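Below is my_file_17.cif, which holds mmCIF, C-alpha atoms and all ligand atoms.
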```cif
data_model
#
loop_
_atom_site.label_atom_id
_atom_site.label_comp_id
_atom_site.auth_asym_id
_atom_site.auth_seq_id
_atom_site.Cartn_x
_atom_site.Cartn_y
_atom_site.Cartn_z
CA MET A 1 67.74 -67.70 27.05
CA THR A 2 71.16 -67.48 25.43
CA PHE A 3 73.39 -64.40 25.66
CA HIS A 4 75.26 -63.36 22.52
CA SER A 5 78.17 -60.95 22.50
CA GLY A 6 81.15 -59.75 20.53
CA TYR A 7 83.10 -57.01 18.84
CA VAL A 8 81.63 -55.48 15.71
CA SER A 9 83.67 -52.99 13.67
CA ILE A 10 82.14 -50.46 11.31
CA LEU A 11 84.18 -50.02 8.16
CA GLY A 12 83.79 -47.81 5.10
CA ARG A 13 85.16 -44.91 3.16
CA PRO A 14 84.96 -41.41 4.68
CA ASN A 15 81.55 -39.77 5.08
CA VAL A 16 79.30 -42.82 4.55
CA GLY A 17 77.74 -42.36 8.01
CA LYS A 18 79.68 -44.72 10.29
CA SER A 19 79.76 -42.37 13.26
CA THR A 20 76.10 -41.46 12.74
CA LEU A 21 75.26 -45.16 12.97
CA LEU A 22 77.30 -45.66 16.13
CA ASN A 23 75.57 -42.72 17.81
CA ALA A 24 72.13 -43.87 16.61
CA LEU A 25 72.56 -47.41 17.90
CA VAL A 26 74.00 -46.42 21.27
CA GLY A 27 71.55 -43.53 21.63
CA GLU A 28 74.27 -41.11 22.75
CA LYS A 29 76.60 -38.81 20.93
CA LEU A 30 79.85 -40.72 21.24
CA ALA A 31 81.49 -39.79 17.95
CA ILE A 32 81.78 -36.57 15.98
CA VAL A 33 79.62 -36.37 12.87
CA SER A 34 80.19 -33.94 10.04
CA PRO A 35 79.46 -33.55 6.33
CA LYS A 36 83.22 -33.15 5.83
CA PRO A 37 85.10 -36.39 5.14
CA GLN A 38 87.80 -37.83 7.44
CA THR A 39 86.20 -36.55 10.60
CA THR A 40 86.81 -39.58 12.81
CA ARG A 41 90.49 -40.00 13.66
CA ASN A 42 90.53 -42.90 16.10
CA ARG A 43 88.57 -45.96 17.08
CA VAL A 44 85.41 -45.09 19.01
CA LEU A 45 83.87 -47.82 21.08
CA GLY A 46 80.14 -47.90 21.80
CA ILE A 47 78.58 -50.58 23.96
CA LEU A 48 75.05 -51.75 23.22
CA GLN A 49 73.03 -53.65 25.79
CA VAL A 50 70.33 -55.57 23.98
CA PRO A 51 67.39 -57.11 25.82
CA SER A 52 65.79 -60.21 24.35
CA GLN A 53 62.73 -59.63 22.21
CA GLY A 54 60.66 -62.29 20.48
CA ASP A 55 63.15 -64.68 18.86
CA ARG A 56 66.01 -62.30 19.34
CA PRO A 57 68.49 -63.37 21.99
CA SER A 58 69.73 -60.85 24.52
CA GLY A 59 73.32 -59.74 24.36
CA GLN A 60 76.01 -57.15 24.32
CA VAL A 61 77.32 -55.69 21.09
CA ILE A 62 80.59 -53.83 21.28
CA LEU A 63 80.63 -51.54 18.28
CA ILE A 64 83.80 -49.93 17.03
CA ASP A 65 83.54 -46.88 14.81
CA THR A 66 86.64 -46.33 12.70
CA PRO A 67 88.18 -43.55 10.59
CA GLY A 68 87.12 -43.59 6.94
CA VAL A 69 89.22 -45.81 4.71
CA HIS A 70 91.39 -43.64 2.45
CA LYS A 71 94.86 -43.47 0.94
CA PRO A 72 96.82 -41.54 3.54
CA ASP A 73 99.08 -38.64 2.56
CA SER A 74 100.31 -37.71 6.05
CA SER A 75 101.43 -39.37 9.27
CA LEU A 76 98.03 -38.47 10.71
CA GLY A 77 96.38 -40.34 7.81
CA ARG A 78 98.62 -43.35 8.35
CA THR A 79 97.81 -43.32 12.06
CA MET A 80 94.11 -43.23 11.17
CA MET A 81 94.51 -46.23 8.87
CA ALA A 82 96.42 -48.07 11.61
CA GLU A 83 93.38 -47.46 13.83
CA VAL A 84 91.18 -49.08 11.17
CA ARG A 85 93.44 -52.14 10.99
CA GLN A 86 93.45 -52.47 14.77
CA ALA A 87 89.67 -52.41 14.79
CA LEU A 88 89.57 -55.20 12.21
CA ALA A 89 91.99 -57.43 14.05
CA GLY A 90 90.14 -59.82 16.25
CA CYS A 91 86.61 -58.55 15.74
CA ASP A 92 83.75 -61.05 15.43
CA LEU A 93 81.74 -59.30 12.76
CA LEU A 94 82.25 -56.48 10.29
CA LEU A 95 79.75 -53.89 9.16
CA LEU A 96 80.87 -52.64 5.76
CA MET A 97 79.04 -49.40 5.10
CA ALA A 98 78.33 -47.80 1.75
CA ASP A 99 76.46 -44.62 0.81
CA VAL A 100 73.73 -45.38 -1.74
CA THR A 101 73.78 -41.81 -3.02
CA HIS A 102 77.38 -42.26 -4.17
CA ARG A 103 78.85 -44.34 -6.97
CA PHE A 104 81.06 -47.24 -5.86
CA GLY A 105 84.54 -45.71 -5.95
CA ARG A 106 88.17 -46.39 -5.27
CA GLU A 107 87.87 -45.92 -1.52
CA ASP A 108 84.83 -48.23 -1.41
CA GLN A 109 86.92 -50.81 -3.24
CA PHE A 110 89.74 -50.32 -0.76
CA ALA A 111 87.33 -50.81 2.17
CA LEU A 112 85.79 -53.89 0.53
CA GLU A 113 89.23 -55.44 0.05
CA MET A 114 90.10 -54.82 3.69
CA ALA A 115 86.85 -56.48 4.70
CA LYS A 116 87.44 -59.47 2.43
CA SER A 117 91.01 -60.07 3.53
CA SER A 118 90.08 -59.86 7.21
CA GLY A 119 88.37 -63.25 6.90
CA THR A 120 85.60 -61.99 9.22
CA PRO A 121 81.90 -62.35 8.29
CA VAL A 122 80.63 -59.12 6.75
CA LEU A 123 77.22 -57.47 6.83
CA LEU A 124 76.82 -54.90 4.09
CA LEU A 125 74.98 -51.76 5.16
CA LEU A 126 73.58 -49.56 2.41
CA ASN A 127 73.16 -46.25 4.18
CA LYS A 128 71.27 -43.02 3.44
CA ILE A 129 68.22 -44.72 1.91
CA ASP A 130 66.21 -41.68 3.02
CA ARG A 131 67.80 -39.95 0.02
CA VAL A 132 66.45 -42.57 -2.40
CA PRO A 133 62.93 -41.63 -3.52
CA LYS A 134 61.94 -45.07 -4.85
CA LYS A 135 63.02 -48.12 -2.93
CA ASP A 136 63.25 -50.30 -6.05
CA GLN A 137 66.21 -48.13 -7.04
CA LEU A 138 68.10 -50.04 -4.37
CA LEU A 139 67.70 -53.39 -6.11
CA PRO A 140 70.40 -52.94 -8.79
CA ILE A 141 72.81 -51.62 -6.14
CA MET A 142 72.17 -54.68 -3.98
CA GLU A 143 72.61 -56.92 -6.98
CA GLU A 144 75.94 -55.33 -7.87
CA TYR A 145 77.21 -55.82 -4.33
CA ARG A 146 76.11 -59.44 -4.30
CA HIS A 147 78.68 -60.11 -7.01
CA ARG A 148 81.44 -58.40 -5.08
CA HIS A 149 81.42 -60.55 -1.96
CA ASP A 150 79.49 -63.25 -0.19
CA PHE A 151 77.97 -60.95 2.43
CA ARG A 152 76.26 -62.49 5.43
CA ALA A 153 73.38 -60.11 4.70
CA ILE A 154 72.70 -56.85 2.89
CA ILE A 155 70.77 -54.33 4.95
CA PRO A 156 69.47 -51.02 3.55
CA LEU A 157 69.15 -48.39 6.27
CA SER A 158 69.20 -44.77 7.22
CA ALA A 159 71.41 -44.09 10.20
CA ARG A 160 70.22 -40.50 10.33
CA LYS A 161 66.51 -41.33 10.21
CA ARG A 162 66.96 -44.47 12.30
CA GLN A 163 65.41 -46.70 9.64
CA GLY A 164 66.43 -50.35 9.44
CA LEU A 165 68.21 -50.34 12.78
CA ASP A 166 66.02 -53.08 14.29
CA VAL A 167 66.80 -55.43 11.41
CA LEU A 168 70.49 -54.64 11.82
CA LEU A 169 70.38 -55.26 15.56
CA GLU A 170 68.64 -58.57 15.15
CA THR A 171 71.04 -59.71 12.40
CA MET A 172 74.10 -58.73 14.45
CA LEU A 173 72.91 -60.60 17.50
CA LYS A 174 72.14 -63.72 15.51
CA ASP A 175 75.58 -63.63 13.90
CA LEU A 176 77.48 -63.11 17.12
CA PRO A 177 78.53 -66.15 19.14
CA GLU A 178 77.30 -66.96 22.60
CA GLY A 179 79.60 -65.16 24.95
CA PRO A 180 80.14 -63.19 28.11
CA ARG A 181 79.14 -59.67 29.06
CA TYR A 182 82.42 -57.90 28.32
CA PHE A 183 81.53 -54.58 29.93
CA PRO A 184 79.36 -53.59 32.90
CA GLU A 185 75.72 -53.07 32.01
CA ASP A 186 75.76 -49.31 32.55
CA GLN A 187 78.87 -48.60 30.50
CA ILE A 188 78.42 -47.17 27.00
CA THR A 189 81.98 -46.33 25.96
CA ASP A 190 85.59 -46.64 27.03
CA GLN A 191 86.54 -43.09 26.11
CA PRO A 192 87.82 -40.98 28.99
CA LEU A 193 85.76 -37.89 29.78
CA ARG A 194 88.55 -35.47 28.95
CA PHE A 195 88.93 -36.96 25.49
CA MET A 196 85.19 -36.61 24.88
CA VAL A 197 85.46 -32.98 25.97
CA ALA A 198 88.31 -32.45 23.48
CA GLU A 199 86.16 -34.00 20.76
CA SER A 200 83.21 -31.73 21.63
CA ILE A 201 85.49 -28.78 21.01
CA ARG A 202 86.83 -30.30 17.78
CA GLN A 203 83.26 -30.87 16.58
CA GLN A 204 82.63 -27.13 16.83
CA VAL A 205 85.92 -26.31 15.11
CA VAL A 206 84.98 -28.63 12.24
CA GLU A 207 81.54 -27.04 11.99
CA ALA A 208 82.72 -23.44 12.18
CA THR A 209 85.62 -23.65 9.73
CA SER A 210 86.13 -24.80 6.16
CA GLU A 211 88.64 -25.86 3.52
CA GLU A 212 91.84 -27.12 5.09
CA VAL A 213 91.25 -25.77 8.61
CA PRO A 214 89.22 -28.75 9.97
CA TYR A 215 91.95 -31.10 8.74
CA ALA A 216 94.81 -29.02 10.12
CA THR A 217 93.38 -28.71 13.65
CA ALA A 218 93.71 -30.85 16.73
CA VAL A 219 92.42 -30.19 20.23
CA VAL A 220 94.52 -30.92 23.28
CA ILE A 221 93.20 -30.60 26.83
CA ASP A 222 95.84 -28.82 28.91
CA ALA A 223 94.00 -28.81 32.22
CA PHE A 224 90.96 -30.69 33.45
CA GLU A 225 90.00 -30.10 37.08
CA GLU A 226 86.80 -31.72 38.20
CA GLY A 227 85.16 -30.11 41.20
CA GLU A 228 81.84 -31.05 42.73
CA ARG A 229 80.06 -28.07 41.25
CA LEU A 230 82.51 -26.68 38.71
CA THR A 231 84.83 -28.24 36.15
CA ARG A 232 87.71 -26.18 34.83
CA VAL A 233 88.82 -27.00 31.34
CA ALA A 234 91.70 -25.41 29.47
CA ALA A 235 92.23 -26.56 25.91
CA THR A 236 94.44 -25.60 23.02
CA ILE A 237 93.36 -25.79 19.41
CA HIS A 238 96.51 -26.55 17.44
CA CYS A 239 96.75 -25.58 13.80
CA GLU A 240 99.59 -25.60 11.32
CA ARG A 241 99.87 -22.02 10.01
CA GLU A 242 99.48 -18.40 11.10
CA GLY A 243 96.67 -17.91 8.58
CA GLN A 244 94.71 -20.76 10.16
CA LYS A 245 95.30 -19.30 13.59
CA ARG A 246 93.90 -15.97 12.42
CA ILE A 247 90.76 -17.76 11.20
CA LEU A 248 90.36 -19.74 14.42
CA VAL A 249 90.78 -16.67 16.62
CA GLY A 250 88.70 -14.42 14.38
CA ARG A 251 88.25 -10.67 14.57
CA HIS A 252 88.53 -9.57 18.18
CA GLY A 253 88.53 -13.25 19.15
CA GLN A 254 84.99 -13.73 17.91
CA MET A 255 85.54 -17.09 16.24
CA LEU A 256 87.18 -18.60 19.29
CA LYS A 257 84.36 -17.26 21.42
CA LYS A 258 81.79 -18.77 19.06
CA ILE A 259 83.52 -22.17 19.22
CA GLY A 260 83.62 -22.07 23.02
CA THR A 261 79.98 -21.01 23.32
CA ALA A 262 78.87 -23.76 20.95
CA ALA A 263 80.94 -26.46 22.69
CA ARG A 264 79.96 -25.55 26.25
CA PRO A 265 76.44 -27.08 26.46
CA GLU A 266 77.73 -30.49 25.39
CA ILE A 267 80.64 -30.28 27.82
CA VAL A 268 78.24 -29.34 30.63
CA ARG A 269 76.14 -32.36 29.76
CA LEU A 270 79.19 -34.62 29.69
CA VAL A 271 80.70 -33.54 33.01
CA GLY A 272 77.45 -32.83 34.84
CA THR A 273 78.64 -29.62 36.51
CA ARG A 274 79.04 -25.97 35.60
CA VAL A 275 82.00 -25.48 33.29
CA PHE A 276 84.73 -22.89 33.15
CA LEU A 277 86.18 -23.23 29.67
CA GLU A 278 89.33 -21.54 28.44
CA LEU A 279 90.40 -21.96 24.82
CA PHE A 280 93.72 -21.11 23.23
CA VAL A 281 94.98 -21.36 19.66
CA LYS A 282 98.53 -22.31 18.86
CA VAL A 283 100.47 -22.83 15.66
CA SER A 284 102.24 -26.19 15.79
CA PRO A 285 103.83 -26.38 12.36
CA GLN A 286 103.33 -29.74 10.63
CA TRP A 287 101.87 -31.46 13.67
CA ARG A 288 100.22 -33.95 11.28
CA GLU A 289 103.71 -35.23 10.49
CA SER A 290 104.95 -35.28 14.08
CA ARG A 291 105.08 -38.69 15.65
CA SER A 292 105.34 -37.32 19.19
CA PHE A 293 102.38 -34.99 18.66
CA LEU A 294 100.26 -37.81 17.22
CA GLU A 295 101.20 -40.06 20.12
CA ALA A 296 100.14 -37.34 22.54
CA LEU A 297 96.73 -37.21 20.83
CA ASP A 298 96.24 -40.95 21.29
CA TRP A 299 94.34 -41.31 24.56
CA ARG A 300 94.72 -45.09 24.62
CA ARG A 301 98.47 -44.68 24.66
CA GLN A 302 98.31 -42.00 27.38
CA PHE A 303 96.08 -44.25 29.42
CA LEU A 304 98.55 -47.14 29.25
CA GLU A 305 101.50 -44.88 30.01
CA GLY A 306 99.62 -43.35 32.95
CA ARG A 307 99.01 -46.82 34.31
CA ALA A 308 102.62 -47.86 33.89
CA GLU A 309 103.83 -44.97 36.04
N1 LIG B 1 70.74 -38.30 4.36
C1 LIG B 1 71.48 -39.00 5.24
N2 LIG B 1 72.63 -38.48 5.69
C2 LIG B 1 73.36 -39.23 6.56
C3 LIG B 1 72.93 -40.50 7.00
N3 LIG B 1 73.87 -40.99 7.84
C4 LIG B 1 74.83 -40.04 7.92
N4 LIG B 1 74.53 -38.98 7.16
C5 LIG B 1 75.31 -37.73 6.98
O1 LIG B 1 76.53 -38.05 6.33
C6 LIG B 1 77.57 -37.19 6.79
C7 LIG B 1 78.74 -38.02 7.29
O2 LIG B 1 78.35 -38.71 8.46
P1 LIG B 1 79.41 -39.33 9.48
O3 LIG B 1 78.66 -40.18 10.42
O4 LIG B 1 80.28 -38.25 10.03
O5 LIG B 1 80.25 -40.22 8.46
P2 LIG B 1 81.54 -41.14 8.77
O6 LIG B 1 81.42 -42.32 7.90
O7 LIG B 1 81.68 -41.36 10.22
O8 LIG B 1 82.71 -40.19 8.22
P3 LIG B 1 84.30 -40.23 8.59
O9 LIG B 1 84.42 -40.19 10.08
O10 LIG B 1 84.80 -38.97 7.97
O11 LIG B 1 84.84 -41.45 7.97
C8 LIG B 1 76.95 -36.32 7.88
O12 LIG B 1 76.57 -35.08 7.30
C9 LIG B 1 75.73 -37.12 8.29
O13 LIG B 1 74.69 -36.33 8.83
C10 LIG B 1 71.68 -41.00 6.52
O14 LIG B 1 71.21 -42.09 6.86
N5 LIG B 1 71.01 -40.21 5.63
MG MG B 2 83.18 -40.86 11.49
#
```
When written as structure tokens, how does the structure in this file appear?
Ligand SMILES: Nc1nc2c(ncn2[C@@H]2O[C@H](COP(=O)(O)OP(=O)(O)OP(=O)(O)O)[C@@H](O)[C@H]2O)c(=O)[nH]1
Ligand SMILES: [Mg+2]
Amino acid sequence: MTFHSGYVSILGRPNVGKSTLLNALVGEKLAIVSPKPQTTRNRVLGILQVPSQGDRPSGQVILIDTPGVHKPDSSLGRTMMAEVRQALAGCDLLLLMADVTHRFGREDQFALEMAKSSGTPVLLLLNKIDRVPKKDQLLPIMEEYRHRHDFRAIIPLSARKRQGLDVLLETMLKDLPEGPRYFPEDQITDQPLRFMVAESIRQQVVEATSEEVPYATAVVIDAFEEGERLTRVAATIHCEREGQKRILVGRHGQMLKKIGTAARPEIVRLVGTRVFLELFVKVSPQWRESRSFLEALDWRRQFLEGRAE
């Protein structure tokens, strides 16, 4: 039996459900999901081991979730778009995702153009079909897309309800070349644990706050000490203004406490020990424009620098 493998990047405008799809396919929460757009800020790799089934060959699919395609208005936004371009470079297959409950807009067009100019085969995923009462409503949407690009296939699905995932899996495997197993069989991501812990905290910040606060916050792990039975984590939630800090701390520190309490179970699950979690809030004016701050947030860069030492 042949073994198919390769890198598959998920591309689309913010909020279409890219991270939801990554998590659904891998079966683990690897990426933050939120109803607020521009949640994902960096490439998130998820590794799928696929056993053979019927005609379907076995293989390994290396999925890359990317930030939503948008016109950036900050250095953070430009860094996010650079992450998207890096995910497109050298991948074997693209999954262009659209939200069927939304009209095709400027950002969809932008994503489509990126997909076209990459020269990589593209599968079009029409997501959120659970929100479409009659399935024949999908036909005109599919027809419209057919005129936009010569897609390898068009697959309606619901990432949230896990509908259409088998068809997607089978199509991906067929479209990927024969190749090696790139990662060990038991590996599901390349993200370091401490970054996943930071993201668990950011998920709760995004959920608990509104308006500009989710966009103006970043989580940095200051200390991460893994013991056999207890892991000590100290993290700082950076924001840009005093007013945001007041919101994040809350009256008598209640908001910060709420964020910590909500993040803890996931952190416990991730590290597999008891957790001592300390959270701080700091105003770092205009961190979204600071190159050094953005570089410090980039775990891939830290990893390489750590190795070089
Ligand atoms: N009804 C429905 N909602 C979905 C589906 N997939 C995702 N969502 C919701 O859509 C919202 C955005 O999902 P994400 O997975 O965070 O979207 P994303 O494309 O990763 O967004 P960015 O990271 O901001 O680019 C969340 O509220 C999800 O729960 C789906 O199949 N059906
Ligand atoms: Mg996302």
Determine, counting only C-alpha atoms, which protein, DNA and RNA residues have an atom within 9 Å of an atom of segment 81-86 of chain A; residues of the same chain fewer than 5 positions away are not included. Present the result as an mmCIF file with C-alpha atoms, in the coordinates of the input.
```
data_model
loop_
_atom_site.group_PDB
_atom_site.id
_atom_site.type_symbol
_atom_site.label_atom_id
_atom_site.label_comp_id
_atom_site.auth_asym_id
_atom_site.auth_seq_id
_atom_site.Cartn_x
_atom_site.Cartn_y
_atom_site.Cartn_z
ATOM 1 C CA SER A 9 83.670 -52.990 13.670
ATOM 2 C CA LEU A 11 84.180 -50.020 8.160
ATOM 3 C CA ARG A 41 90.490 -40.000 13.660
ATOM 4 C CA ASN A 42 90.530 -42.900 16.100
ATOM 5 C CA ARG A 43 88.570 -45.960 17.080
ATOM 6 C CA ASP A 65 83.540 -46.880 14.810
ATOM 7 C CA THR A 66 86.640 -46.330 12.700
ATOM 8 C CA PRO A 67 88.180 -43.550 10.590
ATOM 9 C CA GLY A 68 87.120 -43.590 6.940
ATOM 10 C CA VAL A 69 89.220 -45.810 4.710
ATOM 11 C CA HIS A 70 91.390 -43.640 2.450
ATOM 12 C CA LYS A 71 94.860 -43.470 0.940
ATOM 13 C CA PRO A 72 96.820 -41.540 3.540
ATOM 14 C CA LEU A 76 98.030 -38.470 10.710
ATOM 15 C CA MET A 114 90.100 -54.820 3.690
#
```
Within-6 Å residues of ligand LIG 1 (chain B), basis all atoms listed in the file, as a count of residues only: 25
To one decimal in Å, tell me the separation between atom CA of Arg106 of chain A and atom CA of Tyr145 of chain A.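 Atom CA of Arg106 of chain A sits 14.5 Å away from atom CA of Tyr145 of chain A.
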Separation of atom CA of Thr2 of chain A and atom CA of Pro177 of chain A, in Å?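 For atom CA of Thr2 of chain A relative to atom CA of Pro177 of chain A, the distance reads 9.8 Å.
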Every residue with an atom at most 12 Å from (67.9, -56.6, 25.4) (file coordinates; all atoms listed in the file) is what I'm after, so could you write them as a short mmCIF file (atom, residue, chain, number, x, y, z; two decimals) with C-alpha atoms, in the frame of the given file?
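Result written to part_18.cif:
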```cif
data_model
loop_
_atom_site.label_atom_id
_atom_site.label_comp_id
_atom_site.auth_asym_id
_atom_site.auth_seq_id
_atom_site.Cartn_x
_atom_site.Cartn_y
_atom_site.Cartn_z
CA MET A 1 67.74 -67.70 27.05
CA THR A 2 71.16 -67.48 25.43
CA PHE A 3 73.39 -64.40 25.66
CA HIS A 4 75.26 -63.36 22.52
CA SER A 5 78.17 -60.95 22.50
CA LEU A 48 75.05 -51.75 23.22
CA GLN A 49 73.03 -53.65 25.79
CA VAL A 50 70.33 -55.57 23.98
CA PRO A 51 67.39 -57.11 25.82
CA SER A 52 65.79 -60.21 24.35
CA GLN A 53 62.73 -59.63 22.21
CA GLY A 54 60.66 -62.29 20.48
CA ASP A 55 63.15 -64.68 18.86
CA ARG A 56 66.01 -62.30 19.34
CA PRO A 57 68.49 -63.37 21.99
CA SER A 58 69.73 -60.85 24.52
CA GLY A 59 73.32 -59.74 24.36
CA GLN A 60 76.01 -57.15 24.32
CA VAL A 61 77.32 -55.69 21.09
CA ASP A 166 66.02 -53.08 14.29
CA LEU A 169 70.38 -55.26 15.56
CA GLU A 170 68.64 -58.57 15.15
CA LEU A 173 72.91 -60.60 17.50
CA GLU A 185 75.72 -53.07 32.01
#
```
Looking at only C-alpha atoms, which of A:Gly227, A:Gly179, A:Pro192, A:Gly243 is the one that sits closest to Phe303 of chain A?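 Checking each of A:Gly227, A:Gly179, A:Pro192, A:Gly243 against Phe303 of chain A, counting only C-alpha atoms, the winner is A:Pro192.
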Computed interatomic separation between atom CA of Arg300 of chain A and atom CA of Asp175 of chain A (Å): 28.7 Å
Please identify all polymer residues within 12 Å of Thr171 of chain A, counting all atoms listed in the file, omitting same-chain residues fewer than 6 positions from it, and present them as a compact mmCIF listing (two decimals) with C-alpha atoms, keeping the file's coordinate frame.
```txt
# COMPACT_ATOMS: atom_id res chain seq x y z
CA HIS A 4 75.26 -63.36 22.52
CA VAL A 8 81.63 -55.48 15.71
CA ASP A 55 63.15 -64.68 18.86
CA ARG A 56 66.01 -62.30 19.34
CA PRO A 57 68.49 -63.37 21.99
CA VAL A 61 77.32 -55.69 21.09
CA LEU A 93 81.74 -59.30 12.76
CA LEU A 94 82.25 -56.48 10.29
CA LEU A 95 79.75 -53.89 9.16
CA PRO A 121 81.90 -62.35 8.29
CA VAL A 122 80.63 -59.12 6.75
CA LEU A 123 77.22 -57.47 6.83
CA LEU A 124 76.82 -54.90 4.09
CA LEU A 125 74.98 -51.76 5.16
CA ARG A 152 76.26 -62.49 5.43
CA ALA A 153 73.38 -60.11 4.70
CA ILE A 154 72.70 -56.85 2.89
CA ILE A 155 70.77 -54.33 4.95
CA GLY A 164 66.43 -50.35 9.44
CA LEU A 165 68.21 -50.34 12.78
CA PRO A 177 78.53 -66.15 19.14
```
Please determine, counting only C-alpha atoms, which residue among A:Lys174, A:Lys116, A:His238, A:Arg181 has the shortest atom-to-atom distance to Ile62 of chain A.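 Checking each of A:Lys174, A:Lys116, A:His238, A:Arg181 against Ile62 of chain A, counting only C-alpha atoms, the winner is A:Arg181.
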Which neighbours of segment 294-296 of chain A fall inside 10 Å, counting all atoms listed in the file, when residues of the same chain fewer than 4 positions from it are skipped, and could you give them as a list in words? Ser75, Leu76, Thr79, Ala218, Val220, Trp287, Arg288, Glu289, Ser290, Arg300, Arg301 and Gln302 of chain A
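Proximity of A:Glu144, A:Gln137, A:Pro156, A:Ser74 to Leu96 of chain A, computed with all atoms listed in the file, is greatest for A:Pro156.
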Taking all atoms listed in the file into account, which of A:Thr101, A:Gln109, A:Asn23, A:Gln286 comes nearest ligand MG 2 (chain B)?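 Ranking A:Thr101, A:Gln109, A:Asn23, A:Gln286 by distance to ligand MG 2 (chain B), first place goes to A:Asn23.
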Using only C-alpha atoms and all ligand atoms, which of the listed residues (A:Val167, A:Val281, A:Leu21, A:Ala223) sits closest to ligand MG 2 (chain B)? A:Leu21
Can you pull out every residue within 10 Å of Thr261 of chain A, counting all atoms listed in the file, but drop anything in the same chain fewer than 5 positions away, and send it as a PyMOL selection string? chain A and resi 201+204+255-256+266+277
Between A:Val206, A:Leu30, A:Leu304, A:Val197, which is the closest to Val268 of chain A once you count all atoms listed in the file?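 So, comparing all the options, the nearest one is A:Val197.
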Listed atoms of segment 179-196 of chain A, axis-aligned box, 5 Å per side: centre and edge lengths to one decimal in Å, as JSON?
```
{"center_x": 82.3, "center_y": -50.3, "center_z": 28.9, "size_x": 23.2, "size_y": 39.7, "size_z": 18.0}
```
